[in-house]
Structures are given as structure tokens and as C-alpha cells.
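A.B. asks: For reference, the structure I am asking about is given below.
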Amino acid sequence: MRLFAPQARLPHGWAENVLIEVDDRGLITAVTEGASPDGATRLPGPILPAIPNLHSHAFQRGMAGLGERRGAEGDDFWSWREVMYRFLDRMTPEDLETVAARLYVEMVEAGYSRVCEFHYVHNDAQGRAYADPLETARAHIRAAKTAGIALTLVPVLYSHSNFGGQPPKHGQRRFIQSTDAYLAQIEALGIEAAREGFDLGVSVHSLRAATSEQIAEVLKTVPATLPVHIHVAEQTKEVDDCLAWSGKRPVEWLLDNVGLDARWRLVHATHMTPEETRRTAESGAVAVVCPTTEGNLGDGFFDVDGWFAAGGAFGIGTDSHVSIDPREELRWFEYARRLRHRKRGLAATPSQPYPGARLWLDAAAADDRGGGAPTGAIAPGKLADFVVLDTDAPLIGGRSGDALIDSFVFVSNAGPSPIRETWIKGRRVTDAGRHPQSEQTARAYAETVRRLAAD
């Protein structure tokens, strides 16, 4: 396949009249600047690398907004979690697929090219394993196919309620697996991934949810090429409980006991000391920050200053899906920092004076390390994942170069979407800002959520 873009944001900067050659795997084989469009599919506007969504609990989209009502004793992450447990109790595998399909369509329309689905709903509503151990995993695989989004399925080991192997709570019964069952699932999904064309990761839900022995067994057994995802240091209570259990803070425990490297995706990592921040950034691990969820749940502020000072890589996730827009995640990643310092343009650097461009391009490339997908750049060897911008859209009209990306990222979402097309693995998935399954998935989603909320 040959694609022609009038302008493209390449790794070294913007280029004109760019010919992109893509093989049948969706990988870019050649990029030529100043080329002729003859014989190529012409793209209708400038293109940017698309962004991977590195953290998703798809089922939580269905309960977005239902956890806002204030309780008698006030609310925090832990009270929200109880609402989540009750909502999940009502969902069937068919419901999971319906909600995920709509969610993934919304992601593609918003400019995400890949979703890392942090999958821990393994059991039925009574806590029993399904006859097919992959039943709920397959629901997400089918949903991703419906949406045309690239999938990294990340099955999650979840066995306990708190540090030291404490028994699980009733609300966690749909998540619970033994180490043996989890490893069998990873093996089976490895075969499935080769057949169905998705990618695989591994995960321990958190240091609360698995013992140190379980973590060691998983890391010893799973292929060393797979990325490793974990929730860590999201809440101060988690930090306090970890200190009581081990004498170490959660990120400190990981650094000292399992080591961290480019395979690791640390989700949230909100509460780190400066020393933890420096050591983790220098390890090559990716911090997966979910600003709209972290703001919604009152988690706290990620140490962007220390992370960037140590050369850390970051990606974004939509987590509980109160927002499905990468631009909003990046805005709040930057705005939280501006509010703390009462200064502007903090993501900009002397070599990159456009903060929106720096954030978008860094987040786009976040998964391209440690066994992740080769995404995040319009360059040979990378997947042909990109968005085509509509320069006639009022929000970005008249802009060019990286100033175009700044306006795209920081200007409000009101009005027509500036994203005209989303391409994934060299295939156009949306046209004129819309997915071909948008209306159908929206109707099915609305019917499902209306029923679940009414029960």
C-alpha cells in the first residue's frame, strides 16, 4: 500500500508531500519526502502519529457518573470501588462485549489507535470460573475487532484483598484466580493471539492483590518479551499498608525486589518519593498516567517535574473512562502542573517550545519499548497508526507546524472534531470523524446500560 500525505509530522519534524509505503502487516517500510502522489491513496490533511491508550477497564465505562453521589461519610477511592463492585455484579459476558465495543469505537474516533485492556473480570457473578476460561477475554477480543482498534490484552493476576495474602472480599469474587489458573490463561491466550492478531501483556493487579511469591512465579514463567503492567502507589492508604507489611513503599519494593526495566508499565505511580521517581525513570519503565480518572477519584498529583528531570517516559490511559479523549488527558497532565506552579508551558523545552506537541509525540511513542507495540512514529519499522487532521476545522484553522498540534491539544473539544480520519495498521478506520459502527454500537450500549442501571 502507498499513502500520500500533504504534510506529516516525522520524527525530525514536519515534512511536505510525504509518500508512506506500508506492508501487509501494517508496518511502514519506507517514508519519502518531497514525493509525487501518483499511484498512492491521497490523505486529506496533515498527519500525526496516533496515541496508544495504555490503561483501560472497559466495563467501567458503563458506570461512568454513577459513583458521584456523596455518601453519608464522604467519598474517596475506596467508596467508589464499592460502587464499581456492585455495578459489575450485574454484567454478563455479552454486556462486557457491548460496553467494550462502544468504548473502543469512541477511542478510535478520538484518535487512539491501540488499547491495553487491563482484564481482570475472569469469573461469573457468583465467583465461579466459566466453562471456557477465556470467555470474558474473548468478549474483549471481539469488541476490539468490531472497533478495528489494535488490542494489547493484559490479563491480570488478582488473588487477594491486601498485602500479605489477605483473603479476597466478596466484591472481588469475579477477579480471583490462582497462580496456576492465571499462567494457564496466559499460555492459552498466547496461542489465541497468534491466531486472532492481537498482542499480549501480563499483569499483577497490584502489590495488594498478589503475594511476593506469586509475583516471582509469574515473572519467572511468562515470556520475557511481554510487557508487564501493574497498578502501584495510586493511593496514600496503599503506601501506608505497604509500609506496614514490608517496611518499604510500593515503588521502592518493586525497585528492590523485582527490578524495573523497559518492560514495566507502572499505572498511576502517584505517590513516589523523589528518590523513587528518579530510580524508576532511570530504569526505563513507563509511567502510565490517567489524569481524568486520577482527578475524578482524588488520587493526587503525579510528580511530572521529577519524572521529566530524570528523563522518564510516560503514556496515558483512560482507566475508568470518565473521558475518552487523549487531548483531555494531556491537557490535565499539563494543567495540574501549571496549577501547582502557577506557570504556563511547562512541558516545553528549549528544543521543543510547543508543549502540546511535546506531550502528544511523547505519549504516542510510550509503548514502543520493552516488548510493546512498534508505534508512535511515522517511520520505517513502525506501525502505520496515525490521525489525519482537518485543517478546515474552526479550532485549528490557520495553524501549521507544531503550533497546529498545540491548538489541537489545548483548545476545547466543542464543535466539529479536528480528527478527520484515524488509520490503524495502514487501514482507515474512521472517515469524516465517524466510525462505520458508531450508531450501531451506541444503540446497543444505551440499551445495555439502561438495563444495568435500572436493575
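Labels for the C-alpha cells follow display order: chains A, B, ..., residues from 1 in each chain, ligands from 1.
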Would you mind listing what lies within 9 Å of Leu207 (chain A) as an MDAnalysis selection string, with only C-alpha atoms counted and same-chain residues fewer than 4 positions away left out?
C.D. replies: chainID A and resid 162:164 211:212 215 230:232 238 242 250 254
A.B. asks: Counting only C-alpha atoms, what are the residues of region 22-65 of chain A within 9 Å of region 112-121 of chain A, and for each of them which pair of atoms is the nearest and at what distance in Å, to one decimal? Sort the table by chain and rising number, as CSV.
C.D. replies:
residue,atom,partner,partner_atom,distance
A:Ala50,CA,A:Ser113,CA,5.7
A:Ile51,CA,A:Tyr112,CA,4.9
A:Pro52,CA,A:Arg114,CA,4.6
A:Asn53,CA,A:Val115,CA,4.7
A:Leu54,CA,A:Cys116,CA,4.9
A:His55,CA,A:Cys116,CA,5.4
A:Ser56,CA,A:Glu117,CA,4.9
A:His57,CA,A:Phe118,CA,5.7
A:Ala58,CA,A:Glu117,CA,7.1
A:Phe59,CA,A:Val121,CA,9.0
A.B. asks: With DSSP run on the backbone, what are the strand (DSSP E or B) residues within region 98-155 of chain A? I'd like them as a ChimeraX atom specification.
C.D. replies: /A:112-119,123,129,150-155
A.B. asks: Could you tell me which of A:Ala193, A:Ala139, A:Gly148, A:Pro223 comes closest to Arg427 (chain A) if we count only C-alpha atoms?
C.D. replies: A:Gly148
A.B. asks: Could you check which of A:Leu255, A:Ala444, A:Leu19, A:Leu153 is closest to Glu97 (chain A), using only C-alpha atoms?
C.D. replies: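 Ranked by minimum distance to Glu97 (chain A), first place goes to A:Ala444.
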A.B. asks: Within 7 Å of region 395-398 of chain A, counting only C-alpha atoms, which residues show up once you throw out same-chain ones fewer than 6 positions away? Write them as a short mmCIF file (atom, residue, chain, number, x, y, z; two decimals) with N, CA and C atoms, in the first residue's frame, please.
C.D. replies:
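Okay, this is what ended up in around.cif:
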data_model
loop_
_atom_site.label_atom_id
_atom_site.label_comp_id
_atom_site.auth_asym_id
_atom_site.auth_seq_id
_atom_site.Cartn_x
_atom_site.Cartn_y
_atom_site.Cartn_z
N LEU A 404 0.20 23.81 15.18
CA LEU A 404 -1.03 23.09 14.87
C LEU A 404 -1.33 22.06 15.95
N SER A 407 -2.60 23.75 19.20
CA SER A 407 -4.02 24.11 19.13
C SER A 407 -4.90 22.87 19.20
N PHE A 408 -4.49 21.81 18.55
CA PHE A 408 -5.23 20.55 18.57
C PHE A 408 -5.36 20.01 19.99
N VAL A 411 -7.00 23.34 22.74
CA VAL A 411 -8.26 24.04 22.52
C VAL A 411 -9.41 23.10 22.84
#
A.B. asks: As a short mmCIF file (atom, residue, chain, number, x, y, z; two decimals) with C-alpha atoms, in the first residue's frame, please: all residues of region 340-383 of chain A that backbone DSSP puts in helix (DSSP H, G or I).
C.D. replies:
data_model
loop_
_atom_site.label_atom_id
_atom_site.label_comp_id
_atom_site.auth_asym_id
_atom_site.auth_seq_id
_atom_site.Cartn_x
_atom_site.Cartn_y
_atom_site.Cartn_z
CA ARG A 340 0.82 23.78 41.25
CA HIS A 341 3.50 26.11 39.90
CA PRO A 355 4.18 21.91 24.90
CA GLY A 356 1.22 20.25 23.20
CA ALA A 357 3.43 18.80 20.50
CA ARG A 358 5.92 17.50 23.06
CA LEU A 359 3.18 15.81 25.10
CA TRP A 360 1.37 14.29 22.11
CA LEU A 361 4.53 12.90 20.49
CA ASP A 362 5.92 11.54 23.77
CA ALA A 363 2.64 9.81 24.65
CA ALA A 364 2.37 8.41 21.12
#
A.B. asks: When you look at Gly171 (chain A) with a cut-off of 6 Å (counting only C-alpha atoms), what residues show up, excluding the ones that are within fewer than 2 positions of it in the same chain? I need them as a compact mmCIF listing (two decimals) with C-alpha atoms, in the first residue's frame.
C.D. replies:
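Saved result, selection07.txt, follows:
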# COMPACT_ATOMS: atom_id res chain seq x y z
CA TYR A 85 -18.18 -3.87 42.59
CA LYS A 169 -13.58 -9.65 49.73
CA ARG A 173 -15.03 -12.64 43.59
A.B. asks: Neighbours of region 377-388 of chain A within 10 Å (only C-alpha atoms; same-chain residues fewer than 5 positions away dropped), as a count of residues only?
C.D. replies: 57
A.B. asks: So that I can see what lies close to Gly39 (chain A), please list as a compact mmCIF listing (two decimals) with C-alpha atoms, in the first residue's frame the residues with an atom at most 10 Å from it, counting only C-alpha atoms and leaving out residues fewer than 6 positions away in the same chain.
C.D. replies:
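Output (around_33.txt):
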# COMPACT_ATOMS: atom_id res chain seq x y z
CA MET A 1 0.00 0.00 0.00
CA ARG A 2 1.16 3.54 -0.82
CA LEU A 3 -0.23 6.54 1.06
CA PHE A 4 0.44 10.20 0.29
A.B. asks: Fewer than 4 positions away in the same chain doesn't count, so skip those; otherwise give me all residues within 12 Å of Trp80 (chain A), counting only C-alpha atoms, as number ranges by chain.
C.D. replies: A: 60, 63-71, 74-76, 84-87, 293, 296-299, 320
A.B. asks: Just the selected residues (C-alpha atoms), exported as a PDB file, in the first residue's frame, please.
C.D. replies:
ATOM      1  CA  GLN A  60     -16.223   0.795  33.933  1.00  0.00           C
ATOM      2  CA  MET A  63     -20.870   3.059  35.245  1.00  0.00           C
ATOM      3  CA  ALA A  64     -19.284   6.436  34.440  1.00  0.00           C
ATOM      4  CA  GLY A  65     -21.119   9.040  36.511  1.00  0.00           C
ATOM      5  CA  LEU A  66     -22.821   6.532  38.803  1.00  0.00           C
ATOM      6  CA  GLY A  67     -20.218   6.864  41.542  1.00  0.00           C
ATOM      7  CA  GLU A  68     -20.543  10.616  42.025  1.00  0.00           C
ATOM      8  CA  ARG A  69     -23.339  10.759  44.612  1.00  0.00           C
ATOM      9  CA  ARG A  70     -21.943  11.704  48.002  1.00  0.00           C
ATOM     10  CA  GLY A  71     -22.296   9.141  50.788  1.00  0.00           C
ATOM     11  CA  GLY A  74     -17.956  11.362  52.398  1.00  0.00           C
ATOM     12  CA  ASP A  75     -16.312   9.739  49.406  1.00  0.00           C
ATOM     13  CA  ASP A  76     -12.903   8.627  48.235  1.00  0.00           C
ATOM     14  CA  MET A  84     -17.875  -0.426  40.997  1.00  0.00           C
ATOM     15  CA  TYR A  85     -18.180  -3.869  42.593  1.00  0.00           C
ATOM     16  CA  ARG A  86     -21.977  -3.587  42.773  1.00  0.00           C
ATOM     17  CA  PHE A  87     -22.286  -2.464  39.150  1.00  0.00           C
ATOM     18  CA  THR A 293      -9.541   9.211  36.338  1.00  0.00           C
ATOM     19  CA  ASN A 296     -12.152  12.022  39.372  1.00  0.00           C
ATOM     20  CA  LEU A 297     -11.038   9.656  42.153  1.00  0.00           C
ATOM     21  CA  GLY A 298      -8.983  12.238  44.046  1.00  0.00           C
ATOM     22  CA  ASP A 299      -5.790  10.191  43.771  1.00  0.00           C
ATOM     23  CA  SER A 320     -12.306   4.296  34.373  1.00  0.00           C
TER      24      SER A 320
END
A.B. asks: Kindly indicate which residue among A:Leu134, A:Ala285, A:Ala181, A:Val154 lies nearest to Ser203 (chain A), using only C-alpha atoms for the distances.
C.D. replies: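 Once distances to Ser203 (chain A) are computed over only C-alpha atoms, the minimum belongs to A:Val154.
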